[in-house]
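Okay, so here's the structure we're looking at.
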Amino acid sequence: VIKCRAAVAWALGKPLSLEEVEVAPPKAGEVRIKIVATGICHTDEHILEGLFPNVEFPVIPGHEGAGIVESIGEGVTSVKPGDKVIPICLPHCGECSFCLNPESNYCLKCHLSESQSVLPDKTTRFTCKGKQIHHFLWVSSFAEYTVIPENAVAKIDAAAPLDKVCVLGCAFPTGYGAAINTAKVKAGSSCAVFGLGGVGLSVIMGCKAAGAARIIAIDINKDKFAKARELGATDCISPHDFKKPIQEVITEMTGHGVDYSFEVIGLAETMVASLASCNMNTGVCVMVGVPPAGKEISIDPMLVFSGRTWKGTLLGGWKNRDFLSKLVSSYLEKKFNLDVLITHRLPIAKVNEGFELLCAGK
Ligand code: NAD
Ligand code: ZN
Ligand code: ZN
């Protein structure tokens, strides 16, 4: 058993609390990882807001981490102690019908099909003050050590700087893949990206890499526009600057709406605005933001009947267990810039300050 620090969410709506936790050794098929760095994704904030009804408290959030294998359980063959790894959020068993489908990145044996709060054997590896602490997405990267099923861990290049490639655990592949894999953005096309956080900026990088001619970036926080422009946005607009709905503004700017639109915020109203912003017939709208729990969205069915496609994406559609090591190699070859996604560096003791910065749009 390892004693280490972790940021524990004891209850809904409460700030995280830094605790000493006990981390049990990995069981068969599991890996214990020393987490070196982790990003904060808005999904971690969504847990504290109660957007994931299946998450049980107390829980250790965090799912955008990078670290070093400390020890392995019986039967683990793909990694060994000392290997650098990134937890992949969505496991890949390699055997279920979805894993065998080259177009799917969802595994039927993942935590979204089973319990999200315990490991596959239905127990947890964390305890604190005599209480069982739950896992999040089988990652829980807000702990200095965590235990993860082997099939949810990707081995990466030993030269990778863990304090940077941690954002390859979620933000970058999600946004980049939403453009490349889910929307399949074509060269010369027009795109609209709603929400310019870490994930939305990564969507812009994906649209740019795919050769989009026009990229309209939308956010209520104008401080986000400089980075969006640096990454390839051609127009930056705030809905607060217009009297009419933003979808009408975008339709007028482009004639008939964009070819591809992306909602990267997680609000019902921007999901509908984003759908209505792509062109009525061949437009594709991708829902990247996590939908508000228990809320239904009502739309005019003509929006879809006329031909539009509305789809979602889980982590950008990549089969990350194979793909992440390639993404890390591309980063080491300077094929894309992750530094732009890193705004602050904080010690684990200041994790709540990190959430304040995220929520303040900083
Ligand atoms: P973030 O908080 O860093 O960024 C959100 C941005 O949206 C901010 O810049 C904010 O100013 C802007 N915004 C808020 N309300 C707005 C409005 N009404 N109109 C326009 N802009 C508005 O968040 P993030 O970490 O980039 O995550 C974005 C979303 O993506 C979250 O819902 C997150 O849970 C989700 N997500 C989904 C996946 C997936 O697999 N689909 C993966 C990662 C994150
Ligand atoms: Zn995330
Ligand atoms: Zn599977």
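By order of appearance in the structure tokens: chains A, B, ..., then residues from 1 within every chain, and ligands from 1 in the order shown.
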
How would you report the residues lying within 8 Å of ligand 1, as a short mmCIF file (atom, residue, chain, number, x, y, z; two decimals) with N, CA, C and O atoms, in the first residue's frame, if you count only C-alpha atoms and all ligand atoms?
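New file selection.cif:
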data_model
loop_
_atom_site.label_atom_id
_atom_site.label_comp_id
_atom_site.auth_asym_id
_atom_site.auth_seq_id
_atom_site.Cartn_x
_atom_site.Cartn_y
_atom_site.Cartn_z
N ILE A 40 -6.63 20.01 -15.99
CA ILE A 40 -8.00 20.10 -15.48
C ILE A 40 -8.88 20.34 -16.69
O ILE A 40 -8.67 21.28 -17.45
N CYS A 41 -9.84 19.44 -16.90
CA CYS A 41 -10.78 19.54 -18.01
C CYS A 41 -12.12 19.98 -17.42
O CYS A 41 -12.40 19.72 -16.25
N HIS A 42 -12.94 20.63 -18.22
CA HIS A 42 -14.23 21.07 -17.67
C HIS A 42 -15.08 19.88 -17.20
O HIS A 42 -15.95 20.02 -16.35
N THR A 43 -14.79 18.69 -17.74
CA THR A 43 -15.53 17.50 -17.29
C THR A 43 -15.32 17.27 -15.79
O THR A 43 -16.23 16.82 -15.09
N ASP A 44 -14.15 17.58 -15.26
CA ASP A 44 -13.90 17.43 -13.82
C ASP A 44 -14.80 18.39 -13.02
O ASP A 44 -15.30 18.04 -11.95
N GLU A 45 -14.99 19.59 -13.56
CA GLU A 45 -15.89 20.55 -12.92
C GLU A 45 -17.34 20.04 -13.01
O GLU A 45 -18.12 20.18 -12.07
N HIS A 46 -17.70 19.43 -14.16
CA HIS A 46 -19.05 18.88 -14.32
C HIS A 46 -19.36 17.84 -13.23
O HIS A 46 -20.50 17.73 -12.80
N CYS A 170 -6.87 14.05 -22.74
CA CYS A 170 -8.28 14.38 -23.07
C CYS A 170 -8.40 15.54 -24.04
O CYS A 170 -8.83 15.36 -25.16
N ALA A 171 -8.03 16.76 -23.62
CA ALA A 171 -8.41 17.96 -24.38
C ALA A 171 -8.01 17.91 -25.85
O ALA A 171 -8.85 18.07 -26.73
N THR A 174 -9.53 15.00 -28.08
CA THR A 174 -10.98 15.17 -28.21
C THR A 174 -11.30 16.23 -29.26
O THR A 174 -12.06 15.99 -30.20
N GLY A 175 -10.71 17.41 -29.11
CA GLY A 175 -11.03 18.50 -30.03
C GLY A 175 -10.51 18.23 -31.43
O GLY A 175 -11.24 18.36 -32.42
N PHE A 194 -18.04 26.67 -31.17
CA PHE A 194 -18.67 27.34 -30.02
C PHE A 194 -17.94 26.93 -28.75
O PHE A 194 -18.00 25.78 -28.34
N GLY A 195 -17.24 27.89 -28.11
CA GLY A 195 -16.52 27.59 -26.86
C GLY A 195 -15.04 27.41 -27.14
O GLY A 195 -14.65 26.54 -27.91
N LEU A 196 -14.21 28.26 -26.52
CA LEU A 196 -12.78 28.28 -26.84
C LEU A 196 -11.93 27.92 -25.63
O LEU A 196 -10.92 28.56 -25.35
N GLY A 197 -12.33 26.90 -24.90
CA GLY A 197 -11.48 26.35 -23.84
C GLY A 197 -10.44 25.43 -24.46
O GLY A 197 -10.23 25.46 -25.69
N GLY A 198 -9.80 24.61 -23.63
CA GLY A 198 -8.77 23.70 -24.14
C GLY A 198 -9.29 22.82 -25.25
O GLY A 198 -8.59 22.56 -26.24
N VAL A 199 -10.52 22.35 -25.12
CA VAL A 199 -11.07 21.43 -26.12
C VAL A 199 -11.44 22.21 -27.40
O VAL A 199 -11.10 21.79 -28.50
N GLY A 200 -12.10 23.35 -27.24
CA GLY A 200 -12.49 24.14 -28.42
C GLY A 200 -11.28 24.61 -29.23
O GLY A 200 -11.30 24.58 -30.46
N LEU A 201 -10.22 25.03 -28.54
CA LEU A 201 -9.00 25.46 -29.26
C LEU A 201 -8.41 24.26 -30.03
O LEU A 201 -7.87 24.43 -31.13
N ILE A 218 -16.49 31.24 -31.61
CA ILE A 218 -17.55 31.92 -30.85
C ILE A 218 -17.31 31.72 -29.36
O ILE A 218 -17.15 30.58 -28.89
N ASP A 219 -17.28 32.80 -28.60
CA ASP A 219 -17.16 32.70 -27.14
C ASP A 219 -17.70 33.98 -26.53
O ASP A 219 -17.62 35.05 -27.16
N ILE A 220 -18.21 33.89 -25.30
CA ILE A 220 -18.65 35.10 -24.62
C ILE A 220 -17.47 35.79 -23.93
O ILE A 220 -17.59 36.91 -23.47
N ASN A 221 -16.35 35.10 -23.86
CA ASN A 221 -15.14 35.65 -23.22
C ASN A 221 -14.16 36.05 -24.32
O ASN A 221 -13.47 35.20 -24.90
N LYS A 224 -10.41 35.04 -25.05
CA LYS A 224 -10.03 33.79 -25.71
C LYS A 224 -9.69 33.99 -27.19
O LYS A 224 -9.18 33.08 -27.84
N SER A 238 -18.57 37.33 -30.40
CA SER A 238 -19.23 37.08 -29.11
C SER A 238 -20.73 37.25 -29.30
O SER A 238 -21.18 38.28 -29.82
N PRO A 239 -21.53 36.27 -28.85
CA PRO A 239 -22.99 36.40 -28.97
C PRO A 239 -23.51 37.66 -28.28
O PRO A 239 -24.55 38.19 -28.64
N GLU A 263 -20.17 22.19 -30.93
CA GLU A 263 -20.53 22.77 -29.65
C GLU A 263 -19.54 22.23 -28.63
O GLU A 263 -19.46 21.01 -28.42
N VAL A 264 -18.75 23.12 -28.01
CA VAL A 264 -17.69 22.67 -27.11
C VAL A 264 -17.83 23.41 -25.77
O VAL A 264 -16.86 23.91 -25.20
N ILE A 265 -19.08 23.51 -25.31
CA ILE A 265 -19.37 24.21 -24.05
C ILE A 265 -20.11 23.29 -23.09
O ILE A 265 -19.72 23.12 -21.93
N GLY A 266 -21.21 22.67 -23.59
CA GLY A 266 -22.00 21.79 -22.73
C GLY A 266 -23.29 22.44 -22.25
O GLY A 266 -23.73 22.19 -21.14
N LEU A 267 -23.89 23.29 -23.09
CA LEU A 267 -25.16 23.95 -22.74
C LEU A 267 -26.21 23.61 -23.80
O LEU A 267 -25.90 23.64 -25.00
N GLU A 269 -28.73 25.33 -24.92
CA GLU A 269 -29.06 26.37 -25.90
C GLU A 269 -27.96 26.53 -26.96
O GLU A 269 -28.27 26.76 -28.14
N THR A 270 -26.70 26.36 -26.56
CA THR A 270 -25.64 26.49 -27.59
C THR A 270 -25.59 25.23 -28.45
O THR A 270 -25.13 25.28 -29.59
N MET A 287 -21.56 17.44 -31.35
CA MET A 287 -21.75 17.77 -29.95
C MET A 287 -20.52 17.25 -29.19
O MET A 287 -20.34 16.04 -29.07
N VAL A 288 -19.67 18.18 -28.76
CA VAL A 288 -18.46 17.80 -28.02
C VAL A 288 -18.66 18.06 -26.53
O VAL A 288 -18.29 17.26 -25.68
N GLY A 289 -19.30 19.18 -26.20
CA GLY A 289 -19.58 19.51 -24.79
C GLY A 289 -20.48 18.45 -24.18
O GLY A 289 -21.32 17.86 -24.87
N VAL A 290 -20.28 18.17 -22.88
CA VAL A 290 -21.08 17.15 -22.21
C VAL A 290 -22.50 17.69 -22.01
O VAL A 290 -22.68 18.78 -21.45
N PRO A 291 -23.51 16.94 -22.46
CA PRO A 291 -24.88 17.44 -22.33
C PRO A 291 -25.28 17.58 -20.87
O PRO A 291 -24.87 16.78 -20.04
N GLY A 312 -22.40 13.08 -32.05
CA GLY A 312 -21.57 13.33 -30.87
C GLY A 312 -20.20 12.71 -31.04
O GLY A 312 -19.93 12.04 -32.05
N THR A 313 -19.33 12.94 -30.07
CA THR A 313 -18.00 12.34 -30.14
C THR A 313 -17.53 12.00 -28.73
O THR A 313 -17.76 12.77 -27.79
N LEU A 314 -16.92 10.85 -28.57
CA LEU A 314 -16.28 10.51 -27.29
C LEU A 314 -14.78 10.59 -27.52
O LEU A 314 -14.23 9.84 -28.34
N LEU A 315 -14.15 11.53 -26.86
CA LEU A 315 -12.69 11.70 -26.95
C LEU A 315 -12.18 11.77 -28.38
O LEU A 315 -11.10 11.29 -28.70
N GLY A 316 -13.01 12.35 -29.26
CA GLY A 316 -12.55 12.60 -30.63
C GLY A 316 -12.53 11.39 -31.53
O GLY A 316 -12.02 11.45 -32.65
N LEU A 358 -10.17 27.95 -14.16
CA LEU A 358 -10.94 27.34 -15.26
C LEU A 358 -12.30 28.02 -15.38
O LEU A 358 -12.72 28.43 -16.47
N CYS A 359 -12.98 28.16 -14.23
CA CYS A 359 -14.34 28.69 -14.26
C CYS A 359 -14.35 30.19 -14.56
O CYS A 359 -15.34 30.73 -15.05
N GLY A 361 -12.53 31.42 -16.77
CA GLY A 361 -12.13 31.56 -18.18
C GLY A 361 -10.69 31.99 -18.36
O GLY A 361 -10.30 32.51 -19.39
#

Item to check | Close residues, Ala293 in chain A itself excluded, 8 Å, only C-alpha atoms, min 5 positions apart in chain, as a count of residues only | outcome: 4

Each range 215-312 of chain A residue no farther than 12 Å from range 329-347 of chain A, nearest pair in Å, only C-alpha atoms, as CSV:
residue,atom,partner,partner_atom,distance
A:Lys224,CA,A:Leu341,CA,11.5
A:Ala226,CA,A:Val340,CA,11.0
A:Lys227,CA,A:Val340,CA,7.6
A:Ala228,CA,A:Val340,CA,9.9
A:Arg229,CA,A:Val340,CA,11.9
A:Glu230,CA,A:Val340,CA,9.3
A:Leu231,CA,A:Val340,CA,8.8

Item to check | Members of range 107-170 of chain A assigned strand (DSSP E) by DSSP, as a PyMOL selection string | outcome: chain A and resi 126-128+131-133+145-149+153-155

Residue subset to file, keeping N, CA and C atoms, as a tab-separated table (two decimals), in the first residue's frame:
chain	number	residue	atom	x	y	z
A	126	PHE	N	-8.67	2.94	-3.51
A	126	PHE	CA	-8.37	4.10	-2.66
A	126	PHE	C	-9.13	4.02	-1.34
A	127	THR	N	-8.42	4.35	-0.24
A	127	THR	CA	-9.13	4.58	1.03
A	127	THR	C	-8.57	5.84	1.66
A	128	CYS	N	-9.42	6.49	2.46
A	128	CYS	CA	-9.01	7.71	3.16
A	128	CYS	C	-9.81	7.79	4.45
A	131	LYS	N	-12.46	5.27	4.91
A	131	LYS	CA	-13.58	5.18	3.95
A	131	LYS	C	-13.07	4.80	2.56
A	132	GLN	N	-13.89	4.05	1.83
A	132	GLN	CA	-13.58	3.74	0.42
A	132	GLN	C	-13.77	5.02	-0.41
A	133	ILE	N	-12.80	5.32	-1.26
A	133	ILE	CA	-12.92	6.48	-2.15
A	133	ILE	C	-13.08	5.96	-3.58
A	145	TYR	N	-0.67	8.71	-6.81
A	145	TYR	CA	-0.61	7.34	-7.36
A	145	TYR	C	-2.04	6.89	-7.63
A	146	THR	N	-2.24	6.17	-8.74
A	146	THR	CA	-3.57	5.67	-9.05
A	146	THR	C	-3.45	4.28	-9.64
A	147	VAL	N	-4.56	3.53	-9.60
A	147	VAL	CA	-4.56	2.17	-10.17
A	147	VAL	C	-5.59	2.14	-11.31
A	148	ILE	N	-5.15	1.60	-12.46
A	148	ILE	CA	-5.95	1.67	-13.69
A	148	ILE	C	-5.89	0.30	-14.38
A	149	PRO	N	-6.99	-0.17	-14.99
A	149	PRO	CA	-6.92	-1.42	-15.76
A	149	PRO	C	-5.90	-1.27	-16.89
A	153	VAL	N	-4.61	1.99	-20.47
A	153	VAL	CA	-3.32	2.67	-20.33
A	153	VAL	C	-2.57	2.58	-21.66
A	154	ALA	N	-2.03	3.71	-22.13
A	154	ALA	CA	-1.23	3.70	-23.36
A	154	ALA	C	0.23	3.99	-23.01
A	155	LYS	N	1.14	3.13	-23.48
A	155	LYS	CA	2.57	3.37	-23.27
A	155	LYS	C	3.02	4.42	-24.28

List the spatial neighbours of range 80-83 of chain A as a compact mmCIF listing (two decimals) with all heavy atoms, in the first residue's frame - criterion: any atom at most 6 Å away, only C-alpha atoms, same-chain residues fewer than 5 positions off excluded.
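New file around18.txt:
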# COMPACT_ATOMS: atom_id res chain seq x y z
N ILE A 68 4.24 7.53 -14.66
CA ILE A 68 5.23 6.45 -14.81
C ILE A 68 4.70 5.22 -14.08
O ILE A 68 4.23 5.33 -12.94
CB ILE A 68 6.57 6.91 -14.19
CG1 ILE A 68 7.10 8.12 -14.96
CG2 ILE A 68 7.60 5.78 -14.19
CD1 ILE A 68 8.24 8.85 -14.27
N VAL A 69 4.77 4.06 -14.74
CA VAL A 69 4.28 2.83 -14.11
C VAL A 69 5.14 2.53 -12.88
O VAL A 69 6.37 2.49 -12.95
CB VAL A 69 4.34 1.65 -15.11
CG1 VAL A 69 3.97 0.34 -14.41
CG2 VAL A 69 3.42 1.92 -16.29
N GLU A 70 4.47 2.34 -11.72
CA GLU A 70 5.17 2.02 -10.47
C GLU A 70 5.22 0.52 -10.28
O GLU A 70 6.25 -0.03 -9.91
CB GLU A 70 4.45 2.74 -9.31
CG GLU A 70 5.03 2.48 -7.93
CD GLU A 70 4.44 1.24 -7.26
OE1 GLU A 70 3.31 0.85 -7.57
OE2 GLU A 70 5.14 0.65 -6.41
N SER A 71 4.09 -0.16 -10.50
CA SER A 71 4.07 -1.63 -10.37
C SER A 71 2.92 -2.17 -11.21
O SER A 71 2.01 -1.43 -11.60
CB SER A 71 3.91 -2.03 -8.90
OG SER A 71 2.71 -1.51 -8.37
